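Peer 1: Attaching a single structure in structure tokens format; questions to follow.
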Amino acid sequence: MTLLAQAVSLAATNYTVDVPMRAPAARPEWADAFTRSIDRTRWRYDTDRNRQGWPNHEKQYYADRRQNARIEHGALVIEARREALRSAPDWGGQGYSSAKLVSRAALGYGFYEVRAKLPCGRGSWPAVWLLPEKGTWPDMGEIDLMEMVGWQPNVVHATLHSGAFNHKLGTQRGAEMRLASACTAFHRYQLDWQPHAITIGVDGRGYMRVTDDQPGGHAAWPFTVPYHLILNLAVGGDWGGAKGIDDAALPQRLSVDYVRYWRKR
């Protein structure tokens with residue numbers, strides 16, 4: 001199998017739906033409108049694997065500095081840049097910098113809405129996703145609310161991973177949606193996480209739904225504990241870099257207008 005074929009296989013199209021989604025009318029329990037500076041009581045920077053390198057053969061160094069993450073015109077900007085931060089004590093040889101923010105709060109069942117505009121440069125790999133506090137991947141479970149790879153800029157992806165259903169086994173569950181203005185306009189990326197069903201969509205239409213209807217217990221459905229919300233922009237990697245990295249297109253930006261979370265009642 002070629003590298004490109006392996007990379008494309010990270011996407012999944014086997015749980016496609018077309019259903020309405022609507023955010024609750026009540027005030028969200030947890031939110032950030034990114035109006036001033038990055039609120040470090042809400043977010044932490046994940047830099048833990050800079051020295052050893054990040055998963056999926058990604059090429060970025062995740063930095064805690066304004067050049068890579070800042071508030072600009074009422075939005076969070078995560079910026080990937082072509083540069084080697086050799087003076088950083090945990091630099092692992094990366095030729096690119098970016099940022100990865102993780103919510104300090106562990107969230108869980110409920111409705112999530114992230115209004116964002118995505119980068120389109122070849123080699124960029126923006127993601128809005130969730131992981132639990134502890135565990136070993138993929139048994140711990142992963143919810144990918146939104147992913148896009150820059151070499152396929154008009155398609156967004158929603159995917160779930162677990163011990164029994166993941167891309168290493170070729171059994172991952174998910175769907176994709178064509179969104180022509182993903183890189184030129186803000187859209188509302190949405191997740192409705194219920195105890196026995198997960199629906200993901202854009203702008204009020206769900207395009208992926210997975211239900212807890214497979215045998216295997218935790219291996220099939222680990223989505224029973226609170227997860228942390230993650231916002232990041234990777235560079236390259238097995239999927240994001242399957243067609244190379246366009247250095248001339250850098251810097252690239254993931255812009256997030258707001259994040260909202262309504263707890264399940």
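By order in the structure tokens, chains are A, B, ...; within a chain, residues start at 1; ligands start at 1, following the order shown.
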Stretch 17-202 of chain A: which residues are strand (DSSP E or B) by DSSP, as a ChimeraX atom specification?
Peer 2: /A:17-20,30-32,43-45,58,60-62,69-72,75-82,96-98,100-103,107,110-117,124-132,142-147,155-161,173-178,187-194,197-202
Peer 1: Please report, as JSON lines, each residue of stretch 94-185 of chain A lying at most 8 Å from stretch 70-88 of chain A, together with the nearest pair of atoms and the separation in Å rounded to one decimal; use only C-alpha atoms, and order rows by chain and ascending residue number.
Peer 2:
{"residue": "A:Gln94", "atom": "CA", "partner": "A:Ala84", "partner_atom": "CA", "distance": 6.0}
{"residue": "A:Gly95", "atom": "CA", "partner": "A:Ala84", "partner_atom": "CA", "distance": 4.5}
{"residue": "A:Tyr96", "atom": "CA", "partner": "A:Arg82", "partner_atom": "CA", "distance": 4.6}
{"residue": "A:Ser97", "atom": "CA", "partner": "A:Arg81", "partner_atom": "CA", "distance": 5.2}
{"residue": "A:Ser98", "atom": "CA", "partner": "A:Ala80", "partner_atom": "CA", "distance": 4.3}
{"residue": "A:Ala99", "atom": "CA", "partner": "A:Ile78", "partner_atom": "CA", "distance": 6.0}
{"residue": "A:Lys100", "atom": "CA", "partner": "A:Ile78", "partner_atom": "CA", "distance": 7.9}
Peer 1: Selected residues, C-alpha atoms, written as a PDB file, in the first residue's frame, please.
Peer 2:
ATOM      1  CA  GLN A  94      11.116  20.082  14.231  1.00  0.00           C
ATOM      2  CA  GLY A  95      11.156  22.526  11.334  1.00  0.00           C
ATOM      3  CA  TYR A  96       7.749  24.020  12.087  1.00  0.00           C
ATOM      4  CA  SER A  97       6.054  25.644  15.075  1.00  0.00           C
ATOM      5  CA  SER A  98       2.407  25.715  16.086  1.00  0.00           C
ATOM      6  CA  ALA A  99       0.243  25.433  19.228  1.00  0.00           C
ATOM      7  CA  LYS A 100      -2.049  22.961  20.947  1.00  0.00           C
TER       8      LYS A 100
END
Peer 1: Show me, as a PDB file with all heavy atoms, in the first residue's frame, the residues that have an atom within 9 Å of A:Trp30 when counting only C-alpha atoms, minus same-chain residues fewer than 6 positions from it.
Peer 2:
ATOM      1  N   ALA A 105     -10.861  22.005  32.038  1.00  0.00           N
ATOM      2  CA  ALA A 105     -12.054  21.300  32.501  1.00  0.00           C
ATOM      3  C   ALA A 105     -12.241  20.029  31.696  1.00  0.00           C
ATOM      4  O   ALA A 105     -12.061  20.013  30.472  1.00  0.00           O
ATOM      5  CB  ALA A 105     -13.284  22.194  32.365  1.00  0.00           C
ATOM      6  N   LEU A 107     -14.909  17.770  30.257  1.00  0.00           N
ATOM      7  CA  LEU A 107     -16.314  17.896  29.892  1.00  0.00           C
ATOM      8  C   LEU A 107     -16.865  16.505  29.593  1.00  0.00           C
ATOM      9  O   LEU A 107     -16.142  15.527  29.614  1.00  0.00           O
ATOM     10  CB  LEU A 107     -16.456  18.836  28.699  1.00  0.00           C
ATOM     11  CG  LEU A 107     -15.684  20.165  28.851  1.00  0.00           C
ATOM     12  CD1 LEU A 107     -15.711  20.951  27.553  1.00  0.00           C
ATOM     13  CD2 LEU A 107     -16.223  20.983  30.009  1.00  0.00           C
ATOM     14  N   VAL A 259     -16.026  28.887  21.700  1.00  0.00           N
ATOM     15  CA  VAL A 259     -16.283  27.501  22.092  1.00  0.00           C
ATOM     16  C   VAL A 259     -17.399  27.514  23.117  1.00  0.00           C
ATOM     17  O   VAL A 259     -17.362  28.305  24.064  1.00  0.00           O
ATOM     18  CB  VAL A 259     -15.019  26.854  22.703  1.00  0.00           C
ATOM     19  CG1 VAL A 259     -15.343  25.463  23.232  1.00  0.00           C
ATOM     20  CG2 VAL A 259     -13.895  26.791  21.694  1.00  0.00           C
ATOM     21  N   ARG A 260     -18.407  26.650  22.953  1.00  0.00           N
ATOM     22  CA  ARG A 260     -19.525  26.578  23.887  1.00  0.00           C
ATOM     23  C   ARG A 260     -19.844  25.123  24.205  1.00  0.00           C
ATOM     24  O   ARG A 260     -19.771  24.270  23.320  1.00  0.00           O
ATOM     25  CB  ARG A 260     -20.766  27.260  23.304  1.00  0.00           C
ATOM     26  CG  ARG A 260     -20.582  28.756  23.064  1.00  0.00           C
ATOM     27  CD  ARG A 260     -21.744  29.365  22.296  1.00  0.00           C
ATOM     28  NE  ARG A 260     -21.505  30.774  22.030  1.00  0.00           N
ATOM     29  CZ  ARG A 260     -22.261  31.525  21.208  1.00  0.00           C
ATOM     30  NH1 ARG A 260     -23.303  30.963  20.574  1.00  0.00           N
ATOM     31  NH2 ARG A 260     -21.977  32.804  21.027  1.00  0.00           N
ATOM     32  N   TYR A 261     -20.218  24.899  25.459  1.00  0.00           N
ATOM     33  CA  TYR A 261     -20.567  23.544  25.898  1.00  0.00           C
ATOM     34  C   TYR A 261     -21.763  23.606  26.824  1.00  0.00           C
ATOM     35  O   TYR A 261     -21.765  24.349  27.815  1.00  0.00           O
ATOM     36  CB  TYR A 261     -19.391  22.888  26.625  1.00  0.00           C
ATOM     37  CG  TYR A 261     -19.763  21.660  27.417  1.00  0.00           C
ATOM     38  CD1 TYR A 261     -20.146  20.489  26.769  1.00  0.00           C
ATOM     39  CD2 TYR A 261     -19.743  21.669  28.805  1.00  0.00           C
ATOM     40  CE1 TYR A 261     -20.504  19.353  27.494  1.00  0.00           C
ATOM     41  CE2 TYR A 261     -20.090  20.538  29.545  1.00  0.00           C
ATOM     42  CZ  TYR A 261     -20.473  19.388  28.880  1.00  0.00           C
ATOM     43  OH  TYR A 261     -20.818  18.275  29.594  1.00  0.00           O
ATOM     44  N   TRP A 262     -22.797  22.820  26.483  1.00  0.00           N
ATOM     45  CA  TRP A 262     -23.982  22.678  27.305  1.00  0.00           C
ATOM     46  C   TRP A 262     -24.001  21.263  27.870  1.00  0.00           C
ATOM     47  O   TRP A 262     -24.034  20.284  27.118  1.00  0.00           O
ATOM     48  CB  TRP A 262     -25.253  22.890  26.478  1.00  0.00           C
ATOM     49  CG  TRP A 262     -25.450  24.270  25.968  1.00  0.00           C
ATOM     50  CD1 TRP A 262     -26.212  25.260  26.525  1.00  0.00           C
ATOM     51  CD2 TRP A 262     -24.934  24.834  24.739  1.00  0.00           C
ATOM     52  NE1 TRP A 262     -26.184  26.393  25.747  1.00  0.00           N
ATOM     53  CE2 TRP A 262     -25.412  26.162  24.649  1.00  0.00           C
ATOM     54  CE3 TRP A 262     -24.098  24.337  23.727  1.00  0.00           C
ATOM     55  CZ2 TRP A 262     -25.087  26.993  23.580  1.00  0.00           C
ATOM     56  CZ3 TRP A 262     -23.770  25.165  22.680  1.00  0.00           C
ATOM     57  CH2 TRP A 262     -24.269  26.472  22.600  1.00  0.00           C
ATOM     58  N   ARG A 263     -23.997  21.144  29.176  1.00  0.00           N
ATOM     59  CA  ARG A 263     -24.019  19.830  29.805  1.00  0.00           C
ATOM     60  C   ARG A 263     -25.371  19.159  29.585  1.00  0.00           C
ATOM     61  O   ARG A 263     -26.411  19.814  29.574  1.00  0.00           O
ATOM     62  CB  ARG A 263     -23.752  19.976  31.301  1.00  0.00           C
ATOM     63  CG  ARG A 263     -23.478  18.655  32.013  1.00  0.00           C
ATOM     64  CD  ARG A 263     -23.226  18.892  33.502  1.00  0.00           C
ATOM     65  NE  ARG A 263     -22.219  19.928  33.706  1.00  0.00           N
ATOM     66  CZ  ARG A 263     -20.900  19.721  33.656  1.00  0.00           C
ATOM     67  NH1 ARG A 263     -20.447  18.503  33.382  1.00  0.00           N
ATOM     68  NH2 ARG A 263     -20.046  20.713  33.852  1.00  0.00           N
TER      69      ARG A 263
END
Peer 1: Applying 10 Å and only C-alpha atoms, which residues near A:Ala106 remain after dropping the ones on its own chain fewer than 2 positions away? List them as number ranges by chain.
Peer 2: A: 102-104, 108, 130-133, 225-229
Peer 1: For N, CA and C atoms, I'd like the residues from the last selection saved as a PDB file, in the first residue's frame.
Peer 2:
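What follows is the written file out-v5.pdb:
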ATOM      1  N   VAL A 102      -5.520  22.697  25.333  1.00  0.00           N
ATOM      2  CA  VAL A 102      -6.359  21.663  25.924  1.00  0.00           C
ATOM      3  C   VAL A 102      -7.178  22.287  27.045  1.00  0.00           C
ATOM      4  N   SER A 103      -8.461  22.024  27.087  1.00  0.00           N
ATOM      5  CA  SER A 103      -9.305  22.584  28.146  1.00  0.00           C
ATOM      6  C   SER A 103      -8.890  22.005  29.492  1.00  0.00           C
ATOM      7  N   ARG A 104      -8.795  22.858  30.495  1.00  0.00           N
ATOM      8  CA  ARG A 104      -8.491  22.372  31.842  1.00  0.00           C
ATOM      9  C   ARG A 104      -9.671  21.594  32.411  1.00  0.00           C
ATOM     10  N   GLY A 108     -18.132  16.394  29.308  1.00  0.00           N
ATOM     11  CA  GLY A 108     -18.702  15.072  29.067  1.00  0.00           C
ATOM     12  C   GLY A 108     -19.942  15.131  28.218  1.00  0.00           C
ATOM     13  N   LEU A 130     -11.443  15.475  21.210  1.00  0.00           N
ATOM     14  CA  LEU A 130     -11.560  15.243  22.639  1.00  0.00           C
ATOM     15  C   LEU A 130     -10.878  13.942  23.032  1.00  0.00           C
ATOM     16  N   LEU A 131     -10.199  13.983  24.188  1.00  0.00           N
ATOM     17  CA  LEU A 131      -9.570  12.817  24.783  1.00  0.00           C
ATOM     18  C   LEU A 131      -9.841  12.807  26.283  1.00  0.00           C
ATOM     19  N   PRO A 132      -9.889  11.626  26.895  1.00  0.00           N
ATOM     20  CA  PRO A 132     -10.041  11.565  28.346  1.00  0.00           C
ATOM     21  C   PRO A 132      -8.730  11.897  29.057  1.00  0.00           C
ATOM     22  N   GLU A 133      -8.808  12.078  30.371  1.00  0.00           N
ATOM     23  CA  GLU A 133      -7.637  12.447  31.171  1.00  0.00           C
ATOM     24  C   GLU A 133      -6.561  11.376  31.135  1.00  0.00           C
ATOM     25  N   VAL A 225     -16.822   8.582  30.073  1.00  0.00           N
ATOM     26  CA  VAL A 225     -16.189   9.422  31.092  1.00  0.00           C
ATOM     27  C   VAL A 225     -15.950  10.812  30.496  1.00  0.00           C
ATOM     28  N   PRO A 226     -15.739  11.823  31.339  1.00  0.00           N
ATOM     29  CA  PRO A 226     -15.476  13.167  30.803  1.00  0.00           C
ATOM     30  C   PRO A 226     -14.193  13.210  29.972  1.00  0.00           C
ATOM     31  N   TYR A 227     -14.214  14.024  28.924  1.00  0.00           N
ATOM     32  CA  TYR A 227     -13.060  14.215  28.042  1.00  0.00           C
ATOM     33  C   TYR A 227     -12.661  15.693  28.062  1.00  0.00           C
ATOM     34  N   HIS A 228     -11.409  15.947  27.703  1.00  0.00           N
ATOM     35  CA  HIS A 228     -10.924  17.318  27.536  1.00  0.00           C
ATOM     36  C   HIS A 228     -11.028  17.713  26.063  1.00  0.00           C
ATOM     37  N   LEU A 229     -11.399  18.974  25.820  1.00  0.00           N
ATOM     38  CA  LEU A 229     -11.499  19.501  24.464  1.00  0.00           C
ATOM     39  C   LEU A 229     -10.131  20.019  24.028  1.00  0.00           C
TER      40      LEU A 229
END
Peer 1: Using only C-alpha atoms, determine which residues lie at most 6 Å from A:Val114, disregarding the query and same-chain residues fewer than 6 positions distant; provide the list as a PyMOL selection string.
Peer 2: chain A and resi 188-189+258-259
Peer 1: Could you check which of A:Thr47, A:Ser181, A:Thr159, A:Gln152 is closest to A:Gly121, using only C-alpha atoms?
Peer 2: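 Counting only C-alpha atoms, the residue closest to A:Gly121 is A:Gln152.
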Peer 1: Find the nearest atom pair between each residue of stretch 111-159 of chain A and stretch 231-248 of chain A for residues within 10 Å, count only C-alpha atoms, give distances in Å to one decimal, sort rows by chain and ascending number, and present the table as a tab-separated table.
Peer 2:
residue	atom	partner	partner_atom	distance
A:Val114	CA	A:Leu231	CA	9.8
A:Leu118	CA	A:Leu233	CA	9.4
A:Pro119	CA	A:Leu233	CA	8.7
A:Gly121	CA	A:Asp246	CA	6.6
A:Arg122	CA	A:Asp246	CA	5.3
A:Gly123	CA	A:Ile245	CA	4.1
A:Ser124	CA	A:Val235	CA	4.9
A:Trp125	CA	A:Ala234	CA	4.9
A:Pro126	CA	A:Leu233	CA	4.2
A:Ala127	CA	A:Asn232	CA	5.6
A:Val128	CA	A:Leu231	CA	4.9
A:Trp129	CA	A:Leu231	CA	6.8
A:Leu130	CA	A:Leu231	CA	8.9
A:Met146	CA	A:Leu231	CA	9.8
A:Glu147	CA	A:Leu233	CA	9.7
A:Met148	CA	A:Gly240	CA	8.1
A:Val149	CA	A:Gly240	CA	5.0
A:Gly150	CA	A:Gly240	CA	6.7
A:Trp151	CA	A:Lys243	CA	6.6
A:Gln152	CA	A:Gly240	CA	9.2
Peer 1: Output the selection as a tab-separated table (two decimals), in the first residue's frame - C-alpha atoms for each residue.
Peer 2:
chain	number	residue	atom	x	y	z
A	114	VAL	CA	-17.00	25.51	18.04
A	118	LEU	CA	-9.84	26.55	8.90
A	119	PRO	CA	-6.44	26.80	7.19
A	121	GLY	CA	-2.36	25.20	3.01
A	122	ARG	CA	-1.12	21.81	1.84
A	123	GLY	CA	0.40	20.07	4.84
A	124	SER	CA	-1.84	21.74	7.43
A	125	TRP	CA	-3.94	19.51	9.69
A	126	PRO	CA	-6.32	21.45	11.97
A	127	ALA	CA	-8.37	19.55	14.52
A	128	VAL	CA	-11.03	20.02	17.18
A	129	TRP	CA	-11.14	16.83	19.22
A	130	LEU	CA	-11.56	15.24	22.64
A	146	MET	CA	-13.57	18.21	13.19
A	147	GLU	CA	-10.48	17.42	11.17
A	148	MET	CA	-9.36	18.71	7.80
A	149	VAL	CA	-6.21	18.11	5.79
A	150	GLY	CA	-4.94	20.96	3.65
A	151	TRP	CA	-4.47	18.88	0.51
A	152	GLN	CA	-8.26	18.24	0.59
Peer 1: Do you know which residues are at most 10 Å from A:Val17 counting only C-alpha atoms, after dropping those on the same chain fewer than 3 positions away, and could you put them as a ChimeraX atom specification?
Peer 2: /A:14,20,175,199-201,205-210
Peer 1: I'd like the neighbourhood of A:Gln52 as number ranges by chain, where a residue qualifies if any of its atoms comes within 10 Å (using only C-alpha atoms), though same-chain residues fewer than 6 positions away should be ignored.
Peer 2: A: 90-93
Peer 1: Restricting the output to N, CA, C and O atoms, write the selected residues as a CSV table (one decimal), in the first residue's frame.
Peer 2:
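Resulting contents of out_5.csv:
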chain,number,residue,atom,x,y,z
A,90,ASP,N,13.3,22.1,24.9
A,90,ASP,CA,12.7,20.8,24.6
A,90,ASP,C,12.5,20.6,23.1
A,90,ASP,O,11.7,19.7,22.7
A,91,TRP,N,13.3,21.4,22.3
A,91,TRP,CA,13.2,21.2,20.9
A,91,TRP,C,13.6,19.8,20.4
A,91,TRP,O,14.6,19.3,20.9
A,92,GLY,N,12.8,19.2,19.6
A,92,GLY,CA,13.1,17.9,19.1
A,92,GLY,C,13.5,17.8,17.7
A,92,GLY,O,13.3,16.7,17.1
A,93,GLY,N,13.9,18.9,17.1
A,93,GLY,CA,14.4,18.8,15.7
A,93,GLY,C,13.4,19.3,14.7
A,93,GLY,O,13.6,19.2,13.5
Peer 1: I need the residues of stretch 207-256 of chain A that end up classed as helix (DSSP H, G or I) by DSSP on the backbone, written out as a list in words.
Peer 2: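 The helix (DSSP H, G or I) subset of stretch 207-256 of chain A is Gly217, His218, Ala219, Asp247, Ala248 and Ala249 of chain A.
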Peer 1: Suppose we keep all heavy atoms; can you now write the selection as a compact mmCIF listing (two decimals), in the first residue's frame?
Peer 2:
# COMPACT_ATOMS: atom_id res chain seq x y z
N GLY A 217 -18.16 -4.14 24.74
CA GLY A 217 -18.05 -3.35 25.96
C GLY A 217 -17.20 -2.10 25.76
O GLY A 217 -17.39 -1.35 24.81
N HIS A 218 -16.23 -1.90 26.65
CA HIS A 218 -15.39 -0.71 26.61
C HIS A 218 -14.61 -0.61 25.31
O HIS A 218 -14.35 0.50 24.81
CB HIS A 218 -14.43 -0.73 27.80
CG HIS A 218 -13.60 0.50 27.93
ND1 HIS A 218 -12.35 0.63 27.34
CD2 HIS A 218 -13.84 1.67 28.57
CE1 HIS A 218 -11.86 1.83 27.63
NE2 HIS A 218 -12.73 2.47 28.37
N ALA A 219 -14.23 -1.72 24.72
CA ALA A 219 -13.47 -1.68 23.46
C ALA A 219 -14.29 -1.08 22.33
O ALA A 219 -13.74 -0.49 21.40
CB ALA A 219 -13.01 -3.09 23.09
N ASP A 247 5.59 24.90 1.93
CA ASP A 247 6.21 25.89 2.80
C ASP A 247 5.87 27.31 2.38
O ASP A 247 5.79 28.21 3.23
CB ASP A 247 7.73 25.71 2.79
CG ASP A 247 8.17 24.47 3.54
OD1 ASP A 247 7.36 23.92 4.33
OD2 ASP A 247 9.33 24.03 3.35
N ALA A 248 5.65 27.52 1.09
CA ALA A 248 5.33 28.86 0.61
C ALA A 248 3.97 29.33 1.10
O ALA A 248 3.69 30.53 1.12
CB ALA A 248 5.38 28.90 -0.92
N ALA A 249 3.09 28.39 1.50
CA ALA A 249 1.75 28.75 1.98
C ALA A 249 1.75 29.13 3.46
O ALA A 249 0.73 29.61 3.97
CB ALA A 249 0.78 27.60 1.75
Peer 1: Have a look at A:Ala69, A:Leu145, A:Met177, A:Ile198 and name the one nearest to A:Gly110; count only C-alpha atoms.
Peer 2: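 The shortest atom-to-atom distance to A:Gly110 comes from A:Ile198.
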Peer 1: Tell me which of A:Tyr109, A:Gly170, A:Asp257, A:Gly163 sits closest to A:Thr224, counting only C-alpha atoms.
Peer 2: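 Among A:Tyr109, A:Gly170, A:Asp257, A:Gly163, it is A:Tyr109 that comes nearest to A:Thr224.
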Peer 1: Let me make sure I understand: among A:Pro153, A:Pro222, A:Pro28, A:Pro89, which one has the smallest atom-to-atom distance to A:Asp139 if we use only C-alpha atoms?
Peer 2: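 The answer is A:Pro222, which sits nearest to A:Asp139.
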Peer 1: Would you work out the distance separating atom CA of A:Arg40 from atom CA of A:Gln67, expressed in Å to one decimal?
Peer 2: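 Calculated distance between atom CA of A:Arg40 and atom CA of A:Gln67 is 16.5 Å.
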